[in-house]
file upload-v4.tsv (TSV, C-alpha atoms)
chain	number	residue	atom	x	y	z
I	14	MET	CA	185.94	14.41	141.33
I	15	ARG	CA	183.60	12.60	138.96
I	16	THR	CA	185.96	9.62	138.97
I	17	VAL	CA	185.53	8.97	142.68
I	18	LEU	CA	181.76	9.50	142.44
I	19	ARG	CA	181.58	6.70	139.85
I	20	ARG	CA	182.59	4.23	142.55
I	21	PRO	CA	179.42	2.57	143.96
I	22	ASP	CA	180.88	2.21	147.45
I	23	PHE	CA	181.85	5.89	147.68
I	24	ARG	CA	178.48	6.98	146.25
I	25	LEU	CA	176.80	5.08	149.06
I	26	LEU	CA	179.02	6.75	151.68
I	27	PHE	CA	178.50	10.11	149.98
I	28	GLY	CA	174.72	9.75	150.24
I	29	ALA	CA	174.98	8.81	153.92
I	30	LEU	CA	177.18	11.80	154.68
I	31	LEU	CA	174.84	14.10	152.80
I	32	ALA	CA	172.09	13.10	155.25
I	33	SER	CA	174.27	13.49	158.36
I	34	MET	CA	175.83	16.79	157.22
I	35	ALA	CA	172.37	18.19	156.47
I	36	ALA	CA	171.32	17.27	160.01
I	37	GLU	CA	174.47	18.90	161.40
I	38	SER	CA	174.01	22.11	159.40
I	39	ILE	CA	170.44	22.73	160.59
I	40	LEU	CA	171.23	21.82	164.18
I	41	LEU	CA	174.28	23.86	165.19
I	42	LEU	CA	172.98	27.42	164.85
I	43	ALA	CA	169.49	26.43	166.00
I	44	LEU	CA	170.78	25.22	169.40
I	45	ALA	CA	172.30	28.64	170.08
I	46	ILE	CA	169.11	30.38	168.91
I	47	TRP	CA	167.09	28.13	171.17
I	48	VAL	CA	169.16	29.19	174.20
I	49	LYS	CA	168.89	32.85	173.16
I	50	ASP	CA	165.11	32.52	172.86
I	51	LEU	CA	164.80	30.96	176.33
I	52	THR	CA	167.23	33.26	178.16
I	53	SER	CA	167.44	36.48	176.08
I	54	SER	CA	171.20	36.34	176.72
I	55	ASP	CA	173.79	36.62	173.95
I	56	GLY	CA	176.47	35.28	176.29
I	57	LEU	CA	174.50	32.15	177.18
I	58	ALA	CA	173.73	31.58	173.50
I	59	GLY	CA	177.43	31.84	172.63
I	60	ALA	CA	178.24	29.37	175.41
I	61	THR	CA	176.38	26.74	173.39
I	62	ILE	CA	179.14	26.82	170.78
I	63	PHE	CA	181.73	26.54	173.55
I	64	ALA	CA	179.91	23.46	174.89
I	65	ILE	CA	180.22	21.84	171.45
I	66	ILE	CA	183.93	22.62	171.22
I	67	ALA	CA	184.87	21.67	174.80
I	68	PRO	CA	184.98	17.87	174.17
I	69	MET	CA	187.95	18.44	171.85
I	70	THR	CA	190.07	18.07	175.00
I	71	LEU	CA	189.15	14.37	174.98
I	72	ALA	CA	190.60	13.86	171.48
I	73	PRO	CA	193.32	11.33	172.50
I	74	LEU	CA	190.76	9.15	174.30
I	75	VAL	CA	188.22	9.41	171.47
I	76	GLY	CA	190.83	8.50	168.86
I	77	TRP	CA	192.00	5.54	170.92
I	78	VAL	CA	188.44	4.21	171.17
I	79	VAL	CA	187.90	4.66	167.40
I	80	ASP	CA	191.08	2.71	166.64
I	81	ARG	CA	189.88	-0.24	168.73
I	82	TYR	CA	186.98	-1.09	166.37
I	83	ARG	CA	186.29	-1.73	162.71
I	84	ARG	CA	185.35	1.50	160.94
I	85	ARG	CA	182.04	0.67	159.23
I	86	PRO	CA	180.15	-0.85	162.18
I	87	PHE	CA	181.56	1.78	164.51
I	88	PHE	CA	180.41	4.57	162.15
I	89	VAL	CA	176.92	3.04	162.05
I	90	ALA	CA	176.78	2.79	165.85
I	91	ALA	CA	178.10	6.35	166.29
I	92	ASN	CA	175.39	7.79	164.01
I	93	LEU	CA	172.66	5.87	165.86
I	94	GLY	CA	174.13	7.03	169.15
I	95	THR	CA	174.10	10.64	167.93
I	96	ALA	CA	170.44	10.36	167.06
I	97	MET	CA	169.67	8.96	170.52
I	98	LEU	CA	171.57	11.66	172.39
I	99	LEU	CA	169.32	14.30	170.83
I	100	THR	CA	166.18	12.87	172.44
I	101	PRO	CA	166.49	14.89	175.71
I	102	LEU	CA	165.82	18.03	173.65
I	103	PHE	CA	162.14	17.02	173.50
I	104	ALA	CA	161.99	17.77	177.25
I	105	VAL	CA	163.09	21.41	176.89
I	106	ARG	CA	160.23	23.76	177.77
I	107	ASP	CA	161.55	26.92	179.45
I	108	ARG	CA	164.63	28.69	180.84
I	109	ALA	CA	165.03	26.11	183.62
I	110	ASP	CA	165.69	23.46	180.95
I	111	VAL	CA	168.60	25.28	179.28
I	112	TRP	CA	171.04	22.93	180.98
I	113	ILE	CA	169.62	20.11	178.85
I	114	ILE	CA	170.63	21.96	175.69
I	115	TYR	CA	174.15	22.44	177.05
I	116	VAL	CA	174.49	18.75	177.93
I	117	VAL	CA	173.24	17.72	174.49
I	118	ALA	CA	175.57	20.24	172.84
I	119	ALA	CA	178.58	18.81	174.70
I	120	LEU	CA	177.61	15.25	173.83
I	121	TYR	CA	177.08	16.28	170.23
I	122	GLY	CA	180.57	17.82	170.18
I	123	LEU	CA	181.95	14.49	171.42
I	124	SER	CA	179.96	12.67	168.74
I	125	TYR	CA	181.19	15.05	166.02
I	126	LEU	CA	184.80	14.36	166.98
I	127	THR	CA	184.13	10.61	167.00
I	128	LEU	CA	182.41	10.61	163.61
I	129	SER	CA	185.16	12.74	162.03
I	130	ALA	CA	187.90	10.40	163.26
I	131	THR	CA	185.98	7.31	162.10
I	132	LEU	CA	185.15	8.83	158.72
I	133	SER	CA	188.80	9.53	157.97
I	134	GLY	CA	189.63	5.84	158.33
I	135	LEU	CA	186.54	4.71	156.43
I	136	ILE	CA	187.38	6.90	153.44
I	137	ARG	CA	190.92	5.55	153.39
I	138	GLN	CA	189.60	1.98	153.30
I	139	LEU	CA	187.12	2.68	150.50
I	140	VAL	CA	189.14	4.94	148.21
I	141	PRO	CA	192.51	4.36	146.50
I	142	SER	CA	195.31	6.71	147.54
I	143	GLU	CA	195.25	8.60	144.25
I	144	LEU	CA	191.55	9.47	144.72
I	145	LEU	CA	191.68	10.58	148.37
I	146	ALA	CA	191.85	14.28	147.45
I	147	ASP	CA	188.84	13.87	145.15
I	148	ALA	CA	186.86	12.13	147.89
I	149	ASN	CA	187.69	14.79	150.47
I	150	GLY	CA	187.01	17.54	147.92
I	151	ALA	CA	183.57	16.11	147.12
I	152	LEU	CA	182.63	16.02	150.80
I	153	GLN	CA	183.90	19.56	151.38
I	154	THR	CA	181.90	20.81	148.39
I	155	VAL	CA	178.73	19.38	149.92
I	156	ARG	CA	179.61	20.77	153.35
I	157	GLN	CA	180.17	24.25	151.92
I	158	GLY	CA	176.96	24.04	149.89
I	159	LEU	CA	174.97	23.14	152.99
I	160	ARG	CA	176.49	26.13	154.79
I	161	LEU	CA	174.64	28.34	152.29
I	162	GLY	CA	171.20	27.29	153.40
I	163	GLY	CA	171.38	24.80	156.25
I	164	PRO	CA	171.80	27.18	159.21
I	165	LEU	CA	169.19	29.58	157.84
I	166	ALA	CA	166.78	26.69	157.25
I	167	GLY	CA	167.34	25.48	160.80
I	168	ALA	CA	166.74	28.95	162.21
I	169	ALA	CA	163.60	29.33	160.11
I	170	LEU	CA	162.26	25.93	161.21
I	171	TYR	CA	162.86	26.78	164.84
I	172	ALA	CA	161.12	30.13	164.45
I	173	ALA	CA	158.15	28.51	162.71
I	174	VAL	CA	157.46	25.39	164.79
I	175	GLY	CA	159.98	25.26	167.63
I	176	GLY	CA	162.76	22.87	168.56
I	177	TRP	CA	160.84	19.58	168.44
I	178	LEU	CA	160.66	19.43	164.62
I	179	LEU	CA	164.28	20.48	164.31
I	180	THR	CA	165.33	17.71	166.68
I	181	THR	CA	163.22	15.17	164.77
I	182	LEU	CA	164.74	16.11	161.41
I	183	ALA	CA	168.28	15.95	162.80
I	184	MET	CA	167.60	12.51	164.27
I	185	VAL	CA	166.22	11.31	160.93
I	186	GLY	CA	169.37	12.53	159.21
I	187	PHE	CA	171.69	10.58	161.51
I	188	VAL	CA	169.55	7.42	161.42
I	189	THR	CA	169.49	7.61	157.61
I	190	ALA	CA	173.28	7.91	157.54
I	191	ALA	CA	173.59	4.83	159.76
I	192	ALA	CA	171.20	2.82	157.60
I	193	VAL	CA	172.97	3.70	154.34
I	194	VAL	CA	176.49	3.04	155.66
I	195	GLY	CA	175.17	-0.27	157.00
I	196	LEU	CA	174.69	-1.32	153.35
I	197	LEU	CA	178.39	-0.85	152.58
I	198	ARG	CA	180.48	-3.94	152.04
I	199	VAL	CA	183.99	-3.24	153.32
I	200	ALA	CA	186.66	-5.89	153.85
I	201	GLU	CA	187.90	-5.11	157.36
I	202	THR	CA	189.98	-7.07	159.82
I	203	GLU	CA	189.80	-6.76	163.57
I	204	PRO	CA	192.24	-4.09	164.84
I	205	ALA	CA	195.40	-5.47	166.37
I	206	ALA	CA	195.54	-5.65	170.14
I	207	ALA	CA	197.27	-2.81	171.95
I	208	THR	CA	201.00	-3.41	172.44
I	209	LEU	CA	201.83	-0.45	174.71
I	210	ARG	CA	200.62	0.75	178.09
I	211	TRP	CA	197.40	2.72	177.83
I	212	PRO	CA	198.99	6.19	178.39
I	213	ALA	CA	201.36	5.49	175.50
I	214	GLU	CA	198.47	4.23	173.35
I	215	LEU	CA	196.49	7.41	174.05
I	216	GLY	CA	199.42	9.62	173.07
I	217	ALA	CA	200.38	7.67	169.95
I	218	GLY	CA	198.46	10.01	167.65
I	219	LEU	CA	200.17	13.12	169.00
I	220	ARG	CA	203.57	11.42	168.77
I	221	HIS	CA	202.93	10.54	165.14
I	222	LEU	CA	201.92	14.13	164.35
I	223	ALA	CA	205.09	15.41	166.02
I	224	GLY	CA	207.36	12.85	164.35
I	225	GLU	CA	206.15	13.02	160.74
I	226	PRO	CA	207.74	16.14	159.14
I	227	ALA	CA	204.92	17.03	156.73
I	228	LEU	CA	202.20	16.60	159.36
I	229	ARG	CA	204.20	18.52	161.96
I	230	ARG	CA	204.67	21.48	159.64
I	231	ALA	CA	201.04	21.40	158.50
I	232	LEU	CA	199.67	21.47	162.05
I	233	LEU	CA	202.10	24.17	163.25
I	234	GLY	CA	201.42	26.44	160.27
I	235	TYR	CA	197.68	25.96	160.29
I	236	GLY	CA	197.59	26.29	164.08
I	237	LEU	CA	199.38	29.64	163.83
I	238	GLY	CA	196.85	30.87	161.30
I	239	SER	CA	193.96	29.58	163.42
I	240	LEU	CA	195.11	31.73	166.35
I	241	VAL	CA	193.81	34.80	164.49
I	242	MET	CA	191.39	33.43	161.89
I	243	GLY	CA	188.64	33.20	164.50
I	244	PHE	CA	188.82	36.97	165.04
I	245	SER	CA	186.81	37.37	161.84
I	246	GLU	CA	183.72	35.83	163.48
I	247	SER	CA	183.35	39.02	165.55
I	248	LEU	CA	185.12	41.47	163.23
I	249	ILE	CA	182.62	40.89	160.43
I	250	PHE	CA	179.85	42.41	162.56
I	251	ALA	CA	181.96	45.53	163.18
I	252	TYR	CA	182.75	45.67	159.45
I	253	VAL	CA	179.05	45.66	158.57
I	254	ASP	CA	178.01	48.05	161.34
I	255	GLN	CA	180.86	50.55	161.50
I	256	GLY	CA	182.34	50.16	158.04
I	257	LEU	CA	179.37	49.64	155.73
I	258	ASP	CA	176.81	51.33	158.03
I	259	ARG	CA	174.32	48.52	157.54
I	260	ASP	CA	172.13	46.45	159.82
I	261	ALA	CA	173.64	43.35	161.43
I	262	ALA	CA	171.32	41.16	159.35
I	263	PHE	CA	173.46	42.05	156.32
I	264	VAL	CA	176.07	39.67	157.73
I	265	GLY	CA	173.87	36.88	156.40
I	266	VAL	CA	174.36	38.17	152.86
I	267	LEU	CA	178.14	38.20	153.29
I	268	VAL	CA	178.10	34.70	154.77
I	269	THR	CA	176.23	33.54	151.65
I	270	VAL	CA	178.93	35.12	149.47
I	271	GLN	CA	181.56	33.29	151.48
I	272	GLY	CA	179.60	30.06	150.98
I	273	VAL	CA	179.74	30.54	147.21
I	274	GLY	CA	183.51	30.85	147.50
I	275	GLY	CA	183.50	27.66	149.57
I	276	LEU	CA	181.73	25.78	146.79
I	277	VAL	CA	184.35	26.95	144.29
I	278	GLY	CA	187.15	25.97	146.67
I	279	GLY	CA	185.66	22.54	147.22
I	280	LEU	CA	185.48	21.90	143.49
I	281	LEU	CA	189.03	23.13	142.86
I	282	SER	CA	190.76	21.53	145.84
I	283	PRO	CA	191.44	18.04	144.35
I	284	ALA	CA	193.16	19.61	141.33
I	285	VAL	CA	195.19	21.89	143.61
I	286	VAL	CA	196.36	18.90	145.70
I	287	ARG	CA	197.37	17.03	142.54
I	288	ARG	CA	199.23	20.10	141.29
I	289	ILE	CA	201.15	21.26	144.38
I	290	GLY	CA	200.68	18.52	146.98
I	291	GLU	CA	198.82	18.45	150.28
I	292	VAL	CA	201.02	20.89	152.21
I	293	GLY	CA	200.99	23.19	149.18
I	294	ALA	CA	197.18	23.17	149.09
I	295	LEU	CA	197.06	23.86	152.82
I	296	ALA	CA	199.54	26.72	152.35
I	297	ALA	CA	197.43	28.20	149.57
I	298	GLY	CA	194.29	28.04	151.71
I	299	VAL	CA	195.89	29.76	154.71
I	300	THR	CA	197.59	32.35	152.48
I	301	PHE	CA	194.36	33.25	150.65
I	302	PHE	CA	192.85	34.25	153.98
I	303	GLY	CA	195.56	36.92	154.36
I	304	PRO	CA	194.66	39.28	151.47
I	305	ALA	CA	190.97	38.66	152.18
I	306	ALA	CA	191.41	39.98	155.73
I	307	LEU	CA	193.53	42.91	154.56
I	308	ALA	CA	190.84	43.86	152.01
I	309	LEU	CA	188.18	43.89	154.75
I	310	ALA	CA	190.21	46.55	156.59
I	311	TRP	CA	188.97	48.92	153.86
I	312	PRO	CA	185.16	49.35	154.14
I	313	ASP	CA	184.05	49.04	150.52
I	314	LEU	CA	181.28	46.59	149.61
I	315	ARG	CA	182.69	45.62	146.21
I	316	LEU	CA	186.07	44.90	147.74
I	317	GLY	CA	184.35	43.11	150.61
I	318	VAL	CA	182.51	40.75	148.26
I	319	LEU	CA	185.78	39.78	146.57
I	320	ALA	CA	187.44	39.33	149.96
I	321	LEU	CA	184.72	37.01	151.24
I	322	LEU	CA	184.77	34.97	148.03
I	323	LEU	CA	188.51	34.50	148.54
I	324	ALA	CA	188.04	33.64	152.21
I	325	GLY	CA	185.42	31.08	151.17
I	326	VAL	CA	187.81	29.45	148.70
I	327	SER	CA	190.49	29.18	151.38
I	328	LEU	CA	188.57	26.96	153.81
I	329	PRO	CA	188.07	23.82	151.65
I	330	LEU	CA	191.65	24.06	150.40
I	331	THR	CA	192.94	23.85	153.96
I	332	MET	CA	190.50	21.10	154.94
I	333	VAL	CA	191.13	18.91	151.89
I	334	GLY	CA	194.89	19.42	152.04
I	335	LEU	CA	195.09	18.52	155.72
I	336	ALA	CA	192.65	15.58	155.60
I	337	THR	CA	194.36	14.01	152.59
I	338	LEU	CA	197.80	14.47	154.14
I	339	ILE	CA	196.68	12.74	157.35
I	340	GLN	CA	195.14	9.82	155.44
I	341	ARG	CA	198.22	9.29	153.30
I	342	ARG	CA	200.87	9.74	155.98
I	343	THR	CA	199.30	7.78	158.85
I	344	PRO	CA	199.36	4.00	159.37
I	345	PRO	CA	195.81	2.58	159.54
I	346	ARG	CA	196.07	1.48	163.18
I	347	LEU	CA	196.74	5.10	164.27
I	348	LEU	CA	194.38	6.94	161.96
I	349	GLY	CA	191.58	7.47	164.48
I	350	ARG	CA	193.95	8.93	167.08
I	351	VAL	CA	195.78	11.12	164.56
I	352	ALA	CA	192.56	12.44	162.99
I	353	ALA	CA	191.03	13.22	166.39
I	354	ALA	CA	194.23	14.88	167.65
I	355	SER	CA	194.58	17.03	164.55
I	356	GLU	CA	190.94	18.13	164.83
I	357	ALA	CA	191.57	19.21	168.41
I	358	LEU	CA	194.85	20.96	167.58
I	359	VAL	CA	193.12	23.02	164.88
I	360	SER	CA	189.79	23.65	166.61
I	361	GLY	CA	191.34	24.57	169.97
I	362	PRO	CA	193.28	27.64	168.79
I	363	GLN	CA	190.37	28.63	166.58
I	364	ALA	CA	187.93	28.52	169.50
I	365	CYS	CA	190.30	30.62	171.60
I	366	SER	CA	190.67	33.15	168.78
I	367	ILE	CA	186.88	33.49	168.45
I	368	GLY	CA	186.68	34.42	172.13
I	369	ALA	CA	189.71	36.71	171.92
I	370	GLY	CA	188.27	38.45	168.86
I	371	ALA	CA	185.02	39.15	170.69
I	372	LEU	CA	187.01	40.88	173.45
I	373	LEU	CA	189.51	42.72	171.25
I	374	VAL	CA	186.92	44.20	168.91
I	375	GLY	CA	185.56	46.18	171.85
I	376	VAL	CA	189.00	47.68	172.54
I	377	PHE	CA	190.72	48.15	169.18
I	378	ASP	CA	189.61	49.45	165.79
I	379	TYR	CA	188.30	46.51	163.75
I	380	ARG	CA	190.41	47.64	160.77
I	381	LEU	CA	193.60	47.29	162.78
I	382	LEU	CA	192.57	43.78	163.83
I	383	PHE	CA	191.81	42.78	160.24
I	384	VAL	CA	195.32	43.96	159.30
I	385	LEU	CA	196.74	41.81	162.11
I	386	VAL	CA	194.78	38.79	160.84
I	387	GLY	CA	196.00	39.42	157.30
I	388	VAL	CA	199.65	39.72	158.28
I	389	VAL	CA	199.69	36.65	160.53
I	390	THR	CA	197.84	34.36	158.10
I	391	THR	CA	200.00	35.50	155.18
I	392	ALA	CA	203.13	34.76	157.22
I	393	ALA	CA	201.75	31.34	158.28
I	394	GLY	CA	200.87	30.52	154.68
I	395	ALA	CA	204.33	31.55	153.46
I	396	TRP	CA	205.98	29.32	156.09
I	397	LEU	CA	203.78	26.41	155.02
I	398	TRP	CA	204.61	27.07	151.37
I	399	ARG	CA	208.32	26.72	152.12
I	400	GLY	CA	207.61	23.18	153.32
I	401	ARG	CA	205.45	22.12	150.37
I	402	ARG	CA	208.13	19.68	149.14
I	403	LEU	CA	207.51	17.58	152.25
I	404	SER	CA	204.40	16.30	150.45
I	405	PRO	CA	205.12	16.60	146.71
I	406	PRO	CA	202.38	16.11	144.11
I	407	PRO	CA	201.69	12.51	143.09
I	408	GLY	CA	204.16	11.28	140.48
I	409	THR	CA	207.05	13.55	141.50
I	410	PRO	CA	210.11	11.40	140.77
I	411	ALA	CA	212.82	13.12	142.75
I	412	GLY	CA	213.44	15.31	145.75
I	413	VAL	CA	210.85	13.58	147.87
I	414	PRO	CA	211.88	13.59	151.52
I	415	SER	CA	211.78	10.22	153.20
I	416	PRO	CA	209.01	9.77	155.75
I	417	ARG	CA	210.06	9.43	159.37
I	418	ARG	CA	211.36	6.09	160.53
I	419	PRO	CA	208.46	4.34	162.28
I	420	HIS	CA	208.65	3.43	165.92
I	421	PRO	CA	209.01	-0.36	166.33
I	422	ALA	CA	205.83	-0.46	168.42
I	423	GLU	CA	203.76	0.70	165.45
I	424	HIS	CA	204.37	-2.61	163.59
I	425	LEU	CA	203.97	-1.01	160.15
I	426	THR	CA	204.02	-2.98	156.97
I	427	PRO	CA	206.44	-1.63	154.31
I	428	ASP	CA	203.72	0.22	152.39
I	429	ALA	CA	201.51	1.26	155.32
I	430	THR	CA	202.45	4.92	155.30
I	431	ARG	CA	201.59	5.50	151.64
I	432	ARG	CA	198.70	3.62	150.05
call {"tool": "encode", "arguments": {"input": "upload-v4.tsv", "output": "structure tokens"}}
result
Amino acid sequence: MRTVLRRPDFRLLFGALLASMAAESILLLALAIWVKDLTSSDGLAGATIFAIIAPMTLAPLVGWVVDRYRRRPFFVAANLGTAMLLTPLFAVRDRADVWIIYVVAALYGLSYLTLSATLSGLIRQLVPSELLADANGALQTVRQGLRLGGPLAGAALYAAVGGWLLTTLAMVGFVTAAAVVGLLRVAETEPAAATLRWPAELGAGLRHLAGEPALRRALLGYGLGSLVMGFSESLIFAYVDQGLDRDAAFVGVLVTVQGVGGLVGGLLSPAVVRRIGEVGALAAGVTFFGPAALALAWPDLRLGVLALLLAGVSLPLTMVGLATLIQRRTPPRLLGRVAAASEALVSGPQACSIGAGALLVGVFDYRLLFVLVGVVTTAAGAWLWRGRRLSPPPGTPAGVPSPRRPHPAEHLTPDATRR
């Protein structure tokens, strides 16, 4: 990871993303708390998260727009646009203004999807293929580190001074990211003009995901795991209340433990990708979630701490494995659409499972549900592991499956699928 951080261009991008990710980490939880404070409704507060996730349905359109522009200027414009879309929050005063928060949350979700898709292409342009896992691992380490304190800091700021300061700080973070990325010098050419009808252009990312064997297996396996992983968002409260007989605030302690595991996973993930390949790293991440969930079915704090450390390690492994696989197996002209589509295909099932978990925990014993989560994620991880040779570690001389034959309309150069 130190190798990629020695590159001046990546250090500049890293600093910009540190500012934008800090803004993101203090903003997300605070928006839901703001709605809760104005309405006293848990359901309306939870709907804020749904508003952020809902724009994922626009992933094909977002990816198509991203692929129409050069990455660096588009990333700068998207960060400035994100800062501007937060300004309506200064008008929020009472319950009648809650709709403003929902609108901003939905627009922020759209912006998050746009920035993620653009970032994937920007990293690929800046970093050699052999350092992509290190770059993604460095960013995941920062993201996991910010999860330790960012949401709590945002909640504390809101409680102390209200939403106006929180909004100001988030805007400063995004403007700073835009200013720093604006200093980057990246050799970019104008994207090629569209060669297909617009419906075919919109669906090109999904077709690539379906046609490339390693990506197809990665998304199917991770999607299966995501269908139950979200249950844990609700189950952890039942674990603390019913299992450990502690106050709900103790969840914050366990989330911190999970964040420590996330830091470890972020640091280890580049080495794991180099050792077992991208699909192998993704398989390890999904599989690790299985025994962690099974351990939480037994209400013992010492076992719970180990389980949450393991669950924390699993997340960056999956994220780094999937992100690196997409960057290496996607032609540049499709990368925005593929990155946006994959984000939607992962986040969609996870959002549904969060809602389903909230309903099921009121009907079934939380321990039984944790067992279900453990069994399904272990099975999904095992299925992914069987396909690990679809993306062998760098330097593997033999047994490497050939990538899919590109569609003529993609106009790929001979080395476009693997840089």
call {"tool": "residues_around", "arguments": {"input": "upload-v4.tsv", "residues": "range 345-350 of chain I", "least_positions_apart": "4", "cutoff": "7 Å", "atoms": "only C-alpha atoms", "output": "PDB file with C-alpha atoms, keeping the file's coordinate frame"}}
result
ATOM      1  CA  PRO I  73     193.320  11.330 172.500  1.00  0.00           C
ATOM      2  CA  GLY I  76     190.830   8.500 168.860  1.00  0.00           C
ATOM      3  CA  TRP I  77     192.000   5.540 170.920  1.00  0.00           C
ATOM      4  CA  VAL I  79     187.900   4.660 167.400  1.00  0.00           C
ATOM      5  CA  ASP I  80     191.080   2.710 166.640  1.00  0.00           C
ATOM      6  CA  ALA I 130     187.900  10.400 163.260  1.00  0.00           C
ATOM      7  CA  THR I 131     185.980   7.310 162.100  1.00  0.00           C
ATOM      8  CA  GLY I 134     189.630   5.840 158.330  1.00  0.00           C
ATOM      9  CA  PRO I 204     192.240  -4.090 164.840  1.00  0.00           C
ATOM     10  CA  GLY I 218     198.460  10.010 167.650  1.00  0.00           C
ATOM     11  CA  ALA I 354     194.230  14.880 167.650  1.00  0.00           C
TER      12      ALA I 354
END
call {"tool": "closest_residue", "arguments": {"input": "upload-v4.tsv", "among": "I:Val326, I:Ile39, I:Leu319, I:Val185", "to": "Leu276 in chain I", "atoms": "all atoms listed in the file"}}
result
I:Val326
call {"tool": "atom_distance", "arguments": {"input": "upload-v4.tsv", "atom1": "CA of Leu159 in chain I", "atom2": "CA of Ser38 in chain I"}}
result
6.6 Å
call {"tool": "residues_near_point", "arguments": {"input": "upload-v4.tsv", "point": "(208.4, 20.6, 157.5)", "cutoff": "12 Å", "atoms": "all atoms listed in the file", "output": "ChimeraX atom specification"}}
result
/I:222-234,292-293,296,396-405,414-417
call {"tool": "write_last_selection", "arguments": {"input": "upload-v4.tsv", "atoms": "C-alpha atoms", "output": "PDB file, in the coordinates of the input"}}
result
ATOM      1  CA  LEU I 222     201.920  14.130 164.350  1.00  0.00           C
ATOM      2  CA  ALA I 223     205.090  15.410 166.020  1.00  0.00           C
ATOM      3  CA  GLY I 224     207.360  12.850 164.350  1.00  0.00           C
ATOM      4  CA  GLU I 225     206.150  13.020 160.740  1.00  0.00           C
ATOM      5  CA  PRO I 226     207.740  16.140 159.140  1.00  0.00           C
ATOM      6  CA  ALA I 227     204.920  17.030 156.730  1.00  0.00           C
ATOM      7  CA  LEU I 228     202.200  16.600 159.360  1.00  0.00           C
ATOM      8  CA  ARG I 229     204.200  18.520 161.960  1.00  0.00           C
ATOM      9  CA  ARG I 230     204.670  21.480 159.640  1.00  0.00           C
ATOM     10  CA  ALA I 231     201.040  21.400 158.500  1.00  0.00           C
ATOM     11  CA  LEU I 232     199.670  21.470 162.050  1.00  0.00           C
ATOM     12  CA  LEU I 233     202.100  24.170 163.250  1.00  0.00           C
ATOM     13  CA  GLY I 234     201.420  26.440 160.270  1.00  0.00           C
ATOM     14  CA  VAL I 292     201.020  20.890 152.210  1.00  0.00           C
ATOM     15  CA  GLY I 293     200.990  23.190 149.180  1.00  0.00           C
ATOM     16  CA  ALA I 296     199.540  26.720 152.350  1.00  0.00           C
ATOM     17  CA  TRP I 396     205.980  29.320 156.090  1.00  0.00           C
ATOM     18  CA  LEU I 397     203.780  26.410 155.020  1.00  0.00           C
ATOM     19  CA  TRP I 398     204.610  27.070 151.370  1.00  0.00           C
ATOM     20  CA  ARG I 399     208.320  26.720 152.120  1.00  0.00           C
ATOM     21  CA  GLY I 400     207.610  23.180 153.320  1.00  0.00           C
ATOM     22  CA  ARG I 401     205.450  22.120 150.370  1.00  0.00           C
ATOM     23  CA  ARG I 402     208.130  19.680 149.140  1.00  0.00           C
ATOM     24  CA  LEU I 403     207.510  17.580 152.250  1.00  0.00           C
ATOM     25  CA  SER I 404     204.400  16.300 150.450  1.00  0.00           C
ATOM     26  CA  PRO I 405     205.120  16.600 146.710  1.00  0.00           C
ATOM     27  CA  PRO I 414     211.880  13.590 151.520  1.00  0.00           C
ATOM     28  CA  SER I 415     211.780  10.220 153.200  1.00  0.00           C
ATOM     29  CA  PRO I 416     209.010   9.770 155.750  1.00  0.00           C
ATOM     30  CA  ARG I 417     210.060   9.430 159.370  1.00  0.00           C
TER      31      ARG I 417
END
call {"tool": "closest_residue", "arguments": {"input": "upload-v4.tsv", "among": "I:Phe377, I:Gly387, I:Val111, I:Gln340", "to": "Ser142 in chain I", "atoms": "only C-alpha atoms"}}
result
I:Gln340
call {"tool": "atom_distance", "arguments": {"input": "upload-v4.tsv", "atom1": "CA of Leu152 in chain I", "atom2": "CA of Thr391 in chain I"}}
result
26.5 Å
